[in-house]
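> Questions regarding the structure given below will be posed in turn.
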Number of protein chains: 4
Amino acid sequence: MTSALATPDVIDPPSKATEEPVSATVLDRYRAVRSWTDTLCEPLVTEDYVVQSMPDASPAKWHLAHTTWFFETLLLTPHLAGYRSPDPQFNYLFNSYYNSIGKQYSRPERGVISRPTVAEVEDYRRHVDEHMAELLSGDLPDDLLTVVEVGLNHEQQHQELLLTDLKHMFSKNPLYPVYRPPLPVTAEPVPALAWHEYSAELRRIGHDGRDGFAYDNEGPRHRVFVEAFRIASRLATCGEYLEFMNDGGYQRPELWLSDGWNTVQAEGWRAPFYWQAAEDGTWQQITLGGLRQVQPEEPVCHVSLYEADAYARWAGARLPTEAEWEVAADDVLGTTAAIGDNAPDANLAEDGAYHPRPLSSAARHGQFLGDVWEWTASAYSPYPGYAPPPGALGEYNAKFMSSQVILRGGSCATPRSHIRTTYRNFFPPATRWQFSGIRLAQDGLAQDERDG
Amino acid sequence: MTSALATPDVIDPPSKATEEPVSATVLDRYRAVRSWTDTLCEPLVTEDYVVQSMPDASPAKWHLAHTTWFFETLLLTPHLAGYRSPDPQFNYLFNSYYNSIGKQYSRPERGVISRPTVAEVEDYRRHVDEHMAELLSGDLPDDLLTVVEVGLNHEQQHQELLLTDLKHMFSKNPLYPVYRPPLPVTAEPVPALAWHEYSAELRRIGHDGRDGFAYDNEGPRHRVFVEAFRIASRLATCGEYLEFMNDGGYQRPELWLSDGWNTVQAEGWRAPFYWQAAEDGTWQQITLGGLRQVQPEEPVCHVSLYEADAYARWAGARLPTEAEWEVAADDVLGTTAAIGDNAPDANLAEDGAYHPRPLSSAARHGQFLGDVWEWTASAYSPYPGYAPPPGALGEYNAKFMSSQVILRGGSCATPRSHIRTTYRNFFPPATRWQFSGIRLAQDGLAQDERDG
Amino acid sequence: MTSALATPDVIDPPSKATEEPVSATVLDRYRAVRSWTDTLCEPLVTEDYVVQSMPDASPAKWHLAHTTWFFETLLLTPHLAGYRSPDPQFNYLFNSYYNSIGKQYSRPERGVISRPTVAEVEDYRRHVDEHMAELLSGDLPDDLLTVVEVGLNHEQQHQELLLTDLKHMFSKNPLYPVYRPPLPVTAEPVPALAWHEYSAELRRIGHDGRDGFAYDNEGPRHRVFVEAFRIASRLATCGEYLEFMNDGGYQRPELWLSDGWNTVQAEGWRAPFYWQAAEDGTWQQITLGGLRQVQPEEPVCHVSLYEADAYARWAGARLPTEAEWEVAADDVLGTTAAIGDNAPDANLAEDGAYHPRPLSSAARHGQFLGDVWEWTASAYSPYPGYAPPPGALGEYNAKFMSSQVILRGGSCATPRSHIRTTYRNFFPPATRWQFSGIRLAQDGLAQDERDG
Amino acid sequence: MTSALATPDVIDPPSKATEEPVSATVLDRYRAVRSWTDTLCEPLVTEDYVVQSMPDASPAKWHLAHTTWFFETLLLTPHLAGYRSPDPQFNYLFNSYYNSIGKQYSRPERGVISRPTVAEVEDYRRHVDEHMAELLSGDLPDDLLTVVEVGLNHEQQHQELLLTDLKHMFSKNPLYPVYRPPLPVTAEPVPALAWHEYSAELRRIGHDGRDGFAYDNEGPRHRVFVEAFRIASRLATCGEYLEFMNDGGYQRPELWLSDGWNTVQAEGWRAPFYWQAAEDGTWQQITLGGLRQVQPEEPVCHVSLYEADAYARWAGARLPTEAEWEVAADDVLGTTAAIGDNAPDANLAEDGAYHPRPLSSAARHGQFLGDVWEWTASAYSPYPGYAPPPGALGEYNAKFMSSQVILRGGSCATPRSHIRTTYRNFFPPATRWQFSGIRLAQDGLAQDERDG
């Protein structure tokens, strides 16, 4: 099997004529991605960089250092002669989970580390950026270019986590700090929910390792038999979810998976994460743009797999499998290619406050990409024929293939060039601090039923 | 979709000519299954019935009462005029998890209940048995006969749990009580591991709802595309697992899923559950027949999914998916039918001490059925087109379809008539007190590779 | 310092002329105390002996074995030639907390041990009793007679724990098993609360090691300066405590110690332990005689130190120190001697259901002894000049002198011959499953204030 | 009873002739104390202010705001007409534990609050300082002057906590940040341990409410009978504690209180907090001056009550009661007065790195004051006749009088003017992050023994 990671044209598609060396293009992209991290940090004050508001989140400072450590550890230290890290302890402090590289500082205590300071972390970034420029000025073999590309995609993942973790931190603060003021909301009527119908067929899903970058876990492209199904033309809205709530959704065990119901009881859930009941009985939600009214036209967001599943059951539907989702997304979007381009790396939501767009205004891609991650019914498992890459990169995705659920589609916080239909995001089923929402599916009619 | 549960010939296969009314046959089977529970309890003293040795286990007394409550609640109370329970609190004490029926006594505190006594629980069983005989003497409609059959299969599941829970309880006791003395072990050389090879094909798996009883979650029978694979001709042995241990298996994070490695660290695992290092460096294991030497020829047992997965990785293999397992089991066994017959309900292991047979002596069915449950690589999810039955029985299987992993094959503690190749057992991945073992699989050669 | 434990006349007071050897008298007492344990167990069924309903409680079976192990380990094994224990593992299973003797089976898992059976534990008791008779038939030195006496007092402590632990176990059972039916309650008006007044003086408290048995921690008798105080003539009643509750006692943080308030919040306390709100708004309580109405005339019972302290603050009073309590008890009762005699060891409450008597019927000793343990304001600390005895008995009391609070007076579950005014019982401040109640105290008038 | 808090000459001793109004002097002291907080913060970077390294500690930023909130809430809001807080949420965020004032932000989540920023908190301090100057420019009644004095002592307590919490935070960081470089250590031989002997006598301890400020819990001054005792002339040293460790101190249960031994096992203690075994087998310790070698001549520090108690038992001694300690300290120091003066508020240790001085160099007061807090054998209880002040200040000390142990003497981190012999510090027995050490005591000879 040929790993997607080893594909040379990840960076430079053959269809593009160019005189520049590959690594020069890569350097441009390196600078663009790294610079976008700085852009995302502009609204922050020093204190915001330090806090870890729960074990699953990380301080902004840590995100900045960890993504830098990734380039240092996988590229500079082994491949740039004479490279030295500013501090040998960084390899311990900023290693997230790579056992093959060494021991890691306790994850739930990342917020206990006041030093290195933000300024020192920024120095660290510059230090690594300068040496990466040096490395990329040479003639880098394909396999190392692939590692660079993994590093950039890795940084993009952390760009999203930076936003979700900031949102979580701000939500714990009774002063409700605002990351960026929101754009004015111009809600129009939500289009009625329609169904895309698909017949039972042997399909192909997964990334073929040829056209653009993909993580190892997105391949190999392979055959899967998908029974007839239908899938909703749009996401579930806050308004619809409120109907579920008002119909006793959080009080009726028959709607829930057993683990879900236990979690509802233990955690006292009665609305999506970040929703708060106002004194007048309406619902408000904490956003990166501050506290604001829940809008019925917006996609419901920050729900767990359990809530998504219960909502679907209440609605007489179910969640799509990841194969169904990918078949439909490719069909609707007309392509398996990534939707983004490299610069500028603005967000699909085009809202500095990173909030999913109202369904009514969701443009071209909005149906399937770039507003909220969509929970699927599929556990995170390897595709047939999958083998993790050797070395530390083999720990990137493969070792998490248990007790996690696949999400698809990319959120308003996902960098545009990081979104594609084969992308397999995964989180445990109780996760709520990610921008996660709901698309319904149903079994399709069998051929004979339909013909009759 | 037609649910397997609604299938009339679950009880009375059409091929069998018979003059007795269906319910009379059912009564015979009812008595046989209920009586087997008594047989399993023969070695117990009163004190053994009371203890709950961990939250996942239940006291023997509770198993006896709960299986009785099942018949009372789903059949007698609604369908036998004038039926009265011995105590209205039993509906609270012995309801396991059926929210649609009512509140449940706290599961982790089942061992705190000294009353009703064992004798009173036996009276309860007799009381229900008598009224079940009355109910079954009438002309019962098919849907109720199906509920009876579910109740009997339910009792069989608890017969197995009775044994696993007793084993766990005895393992905590430094006196190492013996359930039944073991038969003499006559180990012969283990046959070399061979591979059954299968080409990539569109397959059918699952129960078709026609031939014998099956739980709702075993159907519908459906198409699945299975890539080429090979599967081991026999289970992994204790001897092979010892090689894994001696090769640092429990000390090498690169062999483990992330959750698995965390569990190994947190729990201090360094051998299968019930194994103990003897002072001379050899390994002993706690069995229902007492403490005895680990036999290299026996299938390794009482391992978690994490250990099974790590062992497979160490062995250059992987675990089979449930589809692969079922395709191979049907092929090897030549049938999808259950292997057991109804009476006497002796155990496949034919060992009163309920221990898996040495691989060398595993006869006809031993390759795939009746020694240890085999961990698969498949999360527990609904089959395409699956819908849970209405009412309380809908809670039986469906609500557990998250964060659990499929096991296949049946163990030495599974009643013989309760084993079939479509059976989907499921437990969380860290589970070790069940009789769970390992069968290896590998990707098969692609057609062109094989031809070349 | 002369330890109370080494005092020979613990057993045979010098004022008593007797021709029997000391150890013969001791044997009579040994048999009487051991036999009382059997009497207490008469209402139990086998299942009741097995359960441990919380980590602080122990199974009845364990109490029976542990008290037996005490005699075996401290007397028979070292001092009776040729003695053999029925099972060497008993020294591990039934050692409570004596590190100097060896390792101990995990305390919270005592309820996991179904074997030895109740019958085997009774055999163990008989085995030890026979050998104790043999040992006591000889001429035992004084120091060993003292150990026998410690062993008998130890068994008496466990007789009380047997009852408190049974009560706790039954309280978890929705069937509300009855230990013994209660005697009819004949409540009369509760006498008005009066105050015993004491001037500031240098006092003596503690046991002098001469007159009867006392534990090491009750001595040495020593001087303590006690400022002027007054102490209530009777216990606080359920009726009075209900006034506290109805006045928002459990909702007003200003009445509580900080730890107490945190516990009220965390545990959701809103009434004494074992109290339940009936549907008609009245309060019922679980007793060893079954569920019954809370009687206003009864002493309030099963309250923690936190509740006792909050109640006292609400009542404009405080709890007495242990010195105040002992000064007053000695004064009121006219003696420091124990109130009981050796046989028959019936209970002060004279109620087989072991429930404190209504205040109105509390006779001679009832004011200070034998209904409920009375929380004091004193932490459990060593008296000046205290030194623990050498060896295992040094672990009996001394090592618990931190984070515990003194209770005085003895409860309705305390054997009559085990009650004395110098007795220092101790439990952590959140403890509620013991028979613990409240007596109020206040600062007295200073001499000049009083004279004026 | 006259509360110490109501004493007017706390601020202006009668012996001092002065023309200034009392409140002007108070303003000077206010400024000096507030300014010392700024001095302590000089070595900090912004990031250091944000972190909460464990639930018992608080972020520096929180300390700065909370001490300011104290003046605002108890003085400005109720007593300065027209005063407005910068943000109404501050009353929620910076209330520590005063239920009578209102709800409090979750204590363990103080480190989750990035805003208000450090600069905003400094603005808050200036805002309150300006208004306090305005308030103090008027003619303030005595009871409010007392509240000011409580507020200043409160800020001094938090000055010490600021240092202990910073030390804890830095200790979690593998970079070992340095608060201030230490002064050179000039160790000389430690003087031999001698004993101060005291006969059994009726003594007086506690603050009389006349001479200088004291907290409510230090009074009333009262009589206590103290049996003959002796007390060590100096603290236990690191060298002596190493002997305890090398003699198996942490492995011998017979040396420990039961709770202590359980804690040793559960936490894996094997040395004082902040000690680390170097690779060469020597011991290093984390200090505010960085990682440095353990010096045998220094007082052992950062031990729990359990360790202090075990060490004392090992040494054939015990810990002193708080009465013994105060009797001896008053005797040795010749006064009950505070040792400090108001300005400059430098530390006794005269070491910017806040580390206890070597015993050899401990001057005049060092024997009893200003190096480490000394664990006593006394639980924290009210003195006879104690009554808490009314209102919020009643919550300051009184509600913590359970499950805490008294420490005496003041540490190297205690502001000089905050140290006095009557001072009753208190912490739970497992506490280790405070500067807590050990002074030994023993029972004295009884009069007759001594005469003989």
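We name chains A, B, ... following the order of the structure tokens; residues begin at 1 in each chain, and ligands are numbered from 1 as shown.
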Residues of chain B within 9 Å of chain C: nearest atom pair and distance (Å, one decimal) for each, counting only C-alpha atoms, sorted by chain and number, as CSV?

```
residue,atom,partner,partner_atom,distance
B:Val45,CA,C:Thr117,CA,7.9
B:Thr46,CA,C:Glu47,CA,6.9
B:Glu47,CA,C:Ser114,CA,5.1
B:Asp48,CA,C:Ser114,CA,5.2
B:Tyr49,CA,C:Glu47,CA,8.2
B:Val50,CA,C:Glu47,CA,6.4
B:Val51,CA,C:Val112,CA,5.7
B:Gln52,CA,C:Val112,CA,6.6
B:Ser53,CA,C:Val112,CA,5.2
B:Met54,CA,C:Val112,CA,8.5
B:Gln89,CA,C:Leu175,CA,7.0
B:Tyr92,CA,C:Pro174,CA,8.7
B:Leu93,CA,C:Pro174,CA,8.0
B:Tyr105,CA,C:Pro174,CA,8.7
B:Glu109,CA,C:Ser53,CA,8.0
B:Gly111,CA,C:Val51,CA,6.8
B:Val112,CA,C:Ser53,CA,5.2
B:Ile113,CA,C:Asn173,CA,5.8
B:Ser114,CA,C:Glu47,CA,5.1
B:Arg115,CA,C:Glu47,CA,7.3
B:Pro116,CA,C:Leu175,CA,8.3
B:Thr117,CA,C:Glu47,CA,6.4
B:Val118,CA,C:Glu47,CA,7.7
B:Met169,CA,C:Val112,CA,6.5
B:Phe170,CA,C:Ile113,CA,7.8
B:Lys172,CA,C:Val112,CA,7.0
B:Asn173,CA,C:Ile113,CA,5.8
B:Pro174,CA,C:Gln89,CA,7.1
B:Leu175,CA,C:Gln89,CA,7.0
B:Pro177,CA,C:Arg115,CA,7.4
```
> Just the residues within 8 Å of Val33 (chain D), please, counting only C-alpha atoms, with nothing from its chain fewer than 4 positions along; format it as a PyMOL selection string.
chain D and resi 29+37+152+155-156+345
> Please save C-alpha atoms of the selected residues as a PDB file, in the first residue's frame.

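Once everything was written out, this is part_39.pdb:
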```
ATOM      1  CA  ARG D  29       0.373  51.925  57.662  1.00  0.00           C
ATOM      2  CA  THR D  37       2.490  43.589  48.210  1.00  0.00           C
ATOM      3  CA  LEU D 152      -4.161  45.046  56.686  1.00  0.00           C
ATOM      4  CA  GLU D 155      -3.343  41.458  53.311  1.00  0.00           C
ATOM      5  CA  GLN D 156      -0.252  40.361  55.229  1.00  0.00           C
ATOM      6  CA  ASP D 345       8.270  45.306  56.336  1.00  0.00           C
TER       7      ASP D 345
END
```
> Report the distance between CA of Ala119 (chain A) and CA of Val150 (chain A) in Å, rounded to one decimal place.
26.0 Å
> Just want the 8 Å neighbourhood of Pro253 (chain C), counted on only C-alpha atoms, with same-chain residues fewer than 4 positions away dropped. Output as a list in words.
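Once the nearby chain positions are removed, what remains is Trp261 of chain C; Asn99 and Ser100 of chain D.
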> Would you mind exporting N, CA, C and O atoms of the selected residues as an mmCIF file, in the first residue's frame?

```
data_model
loop_
_atom_site.group_PDB
_atom_site.id
_atom_site.type_symbol
_atom_site.label_atom_id
_atom_site.label_comp_id
_atom_site.auth_asym_id
_atom_site.auth_seq_id
_atom_site.Cartn_x
_atom_site.Cartn_y
_atom_site.Cartn_z
ATOM 1 N N TRP C 261 -20.688 22.929 56.401
ATOM 2 C CA TRP C 261 -21.501 23.497 55.326
ATOM 3 C C TRP C 261 -21.156 22.855 53.981
ATOM 4 O O TRP C 261 -22.040 22.518 53.176
ATOM 5 N N ASN D 99 -19.986 33.683 53.116
ATOM 6 C CA ASN D 99 -21.365 33.404 52.727
ATOM 7 C C ASN D 99 -22.304 34.554 53.084
ATOM 8 O O ASN D 99 -23.311 34.762 52.420
ATOM 9 N N SER D 100 -21.952 35.281 54.142
ATOM 10 C CA SER D 100 -22.841 36.371 54.543
ATOM 11 C C SER D 100 -22.774 37.522 53.553
ATOM 12 O O SER D 100 -23.635 38.395 53.556
#
```
> List every residue of region 99-312 of chain D that DSSP, applied to the backbone of this structure, assigns to alpha helix (DSSP H), and report them as a ChimeraX atom specification.
/D:118-137,142-171,238-246,258-267,305-312
> Would you work out the distance separating CA of Thr73 (chain A) from CA of Ala387 (chain A), expressed in Å to one decimal?
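Straight-line distance from CA of Thr73 (chain A) to CA of Ala387 (chain A) works out to 22.8 Å.
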